[in-house]
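Enquirer: Below is a structure I'd like to ask you about.
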Amino acid sequence: MCPTGSSLPSREEAATCAGFRQAFDVLDTDRDGKISGDDLRAFYSGLSVGSDGREREEIIRSMISEADSNRNGFVEYDEFERVLDYGKRKSTGGGGGGVMEDVFKVMDTDGDGMLSHGDLKSYMKWAGFEASDDDIKAMIKLGGGDDRKGVSFDGLLKILAVDRL
């Protein structure tokens with residue numbers, strides 16, 4: 001969890017917290033401080049995922065269900081952070097990225113397991129962030145990828161400062 005006391009966080013903790021907050025803010029499309037099914041529908045509507053609305057609705061239900069520990073139908077920041085923190089600390093078993101893996105799958109418009117330059121550029125534009133081609137190249141480099149192939153899921157976590165080690 002991000003520190004809430006009076007002590008200052010380490011650089012690693014601060015970077016991770018900033019990454020969690022940025023990811024949360026992208027999903028909280030109506031900016032009310034919680035992620036709802038409507039927020040996720042708005043997020044997914046701008047990106048291609050699945051061949052029909054049923055798959056999209058199943059992903060949305062799964063994401064809310066996994067993160068909503070108080071069962072109020074919304075994902076508050078502390079719940080979101082808990083899920084991502086659990087995902088990054090889980091060192092055995094298949095994957096463990098949870099919500100972020102779902103976000104990655106949505107961003108990966110061609111489903112090849114990599115976020116290409118075009119995937120990132122399209123997503124940034126959709127999310128309302130101005131990003132030049134050089135900005136996208138720098139993001140890919142930060143994530144450990146290259147501009148031809150793009151960046152992997154772990155690379156996206158590096159870009160967002162969410163280290164799963």
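So you can find residues: chains in the structure tokens are A, B, ... in the order shown, residues in each start at 1, and ligands are numbered from 1 in order.
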Compile the contact shell of Ala138 (chain A) as a list in words: residues with an atom at most 12 Å away, counting only C-alpha atoms, same-chain residues fewer than 3 positions apart removed.
Expert: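 The contact residues come out as His117, Leu120, Lys121, Ala131, Ser132, Asp133, Asp134, Asp135, Lys141, Leu142, Gly143, Gly144, Gly145, Asp146, Asp147, Gly150, Val151 and Ile159 of chain A.
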Enquirer: Could you jot down the CA of Gly118 (chain A) to CA of Ile140 (chain A) separation for me, Å, one decimal place?
Expert: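 Taking CA of Gly118 (chain A) as the start and CA of Ile140 (chain A) as the end point, the length is 11.2 Å.
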Enquirer: If we count only C-alpha atoms, what is near region 71-77 of chain A at a cut-off of 10 Å, once residues fewer than 6 positions away on the same chain are taken out, given as a VMD selection string?
Expert: chain A and resid 20 to 21 24 to 25 28 32 to 39 61 63 to 65 83
Enquirer: Next, the residues of the selection above should be written as a compact mmCIF listing (two decimals), in the first residue's frame with N, CA, C and O atoms.
Expert:
# COMPACT_ATOMS: atom_id res chain seq x y z
N PHE A 20 0.14 3.43 -10.07
CA PHE A 20 -1.20 2.96 -9.71
C PHE A 20 -2.22 4.08 -9.93
O PHE A 20 -3.28 3.86 -10.48
N ARG A 21 -1.89 5.28 -9.47
CA ARG A 21 -2.83 6.40 -9.59
C ARG A 21 -3.10 6.73 -11.05
O ARG A 21 -4.24 6.98 -11.43
N PHE A 24 -5.37 4.10 -12.44
CA PHE A 24 -6.71 4.27 -11.88
C PHE A 24 -7.43 5.43 -12.57
O PHE A 24 -8.59 5.31 -12.97
N ASP A 25 -6.73 6.55 -12.72
CA ASP A 25 -7.34 7.73 -13.33
C ASP A 25 -7.77 7.49 -14.77
O ASP A 25 -8.77 8.03 -15.23
N ASP A 28 -11.05 5.53 -14.43
CA ASP A 28 -12.12 6.31 -13.80
C ASP A 28 -12.54 7.42 -14.77
O ASP A 28 -12.24 8.59 -14.58
N ASP A 32 -15.01 10.42 -10.77
CA ASP A 32 -15.72 10.52 -9.49
C ASP A 32 -15.00 9.82 -8.35
O ASP A 32 -15.51 9.71 -7.24
N GLY A 33 -13.78 9.34 -8.61
CA GLY A 33 -12.99 8.72 -7.56
C GLY A 33 -13.24 7.24 -7.36
O GLY A 33 -12.71 6.64 -6.43
N LYS A 34 -14.01 6.64 -8.24
CA LYS A 34 -14.25 5.20 -8.16
C LYS A 34 -14.50 4.68 -9.57
O LYS A 34 -14.98 5.41 -10.44
N ILE A 35 -14.14 3.43 -9.79
CA ILE A 35 -14.33 2.82 -11.10
C ILE A 35 -15.62 2.02 -11.07
O ILE A 35 -15.81 1.14 -10.22
N SER A 36 -16.51 2.34 -11.98
CA SER A 36 -17.80 1.64 -12.07
C SER A 36 -17.85 0.84 -13.37
O SER A 36 -16.98 0.98 -14.24
N GLY A 37 -18.88 0.04 -13.50
CA GLY A 37 -19.11 -0.67 -14.76
C GLY A 37 -19.24 0.31 -15.92
O GLY A 37 -18.75 0.06 -17.02
N ASP A 38 -19.89 1.45 -15.68
CA ASP A 38 -20.04 2.46 -16.73
C ASP A 38 -18.68 3.04 -17.14
O ASP A 38 -18.43 3.29 -18.32
N ASP A 39 -17.80 3.25 -16.15
CA ASP A 39 -16.45 3.74 -16.47
C ASP A 39 -15.75 2.74 -17.38
O ASP A 39 -15.12 3.12 -18.37
N ARG A 61 -17.42 -7.39 -15.74
CA ARG A 61 -17.88 -8.05 -14.51
C ARG A 61 -16.71 -8.68 -13.76
O ARG A 61 -16.62 -8.60 -12.54
N MET A 63 -13.50 -7.85 -13.88
CA MET A 63 -12.62 -6.83 -13.30
C MET A 63 -13.21 -6.25 -12.02
O MET A 63 -12.51 -6.12 -11.01
N ILE A 64 -14.49 -5.92 -12.05
CA ILE A 64 -15.14 -5.36 -10.86
C ILE A 64 -15.15 -6.40 -9.74
O ILE A 64 -14.80 -6.11 -8.60
N SER A 65 -15.53 -7.62 -10.07
CA SER A 65 -15.62 -8.68 -9.08
C SER A 65 -14.28 -8.95 -8.40
O SER A 65 -14.20 -9.14 -7.19
N VAL A 83 -5.31 -4.74 -5.50
CA VAL A 83 -5.27 -5.74 -6.57
C VAL A 83 -3.96 -5.66 -7.34
O VAL A 83 -3.33 -6.67 -7.61
Enquirer: Hey, can you check how far CA of Ile59 (chain A) sits from CA of Phe129 (chain A)?
Expert: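 Taking CA of Ile59 (chain A) as the start and CA of Phe129 (chain A) as the end point, the length is 24.8 Å.
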Enquirer: Compile the contact shell of Asp110 (chain A) as a ChimeraX atom specification: residues with an atom at most 9 Å away, counting only C-alpha atoms, same-chain residues fewer than 3 positions apart removed.
Expert: /A:48,107,113-115,119
Enquirer: Find the distance between CA of Leu156 (chain A) and CA of Met139 (chain A) and write it in Å to one decimal.
Expert: 8.7 Å
Enquirer: Taking only C-alpha atoms into account, which of A:Lys149, A:Arg56, A:Lys125, A:Lys137 comes nearest Lys105 (chain A)?
Expert: A:Arg56
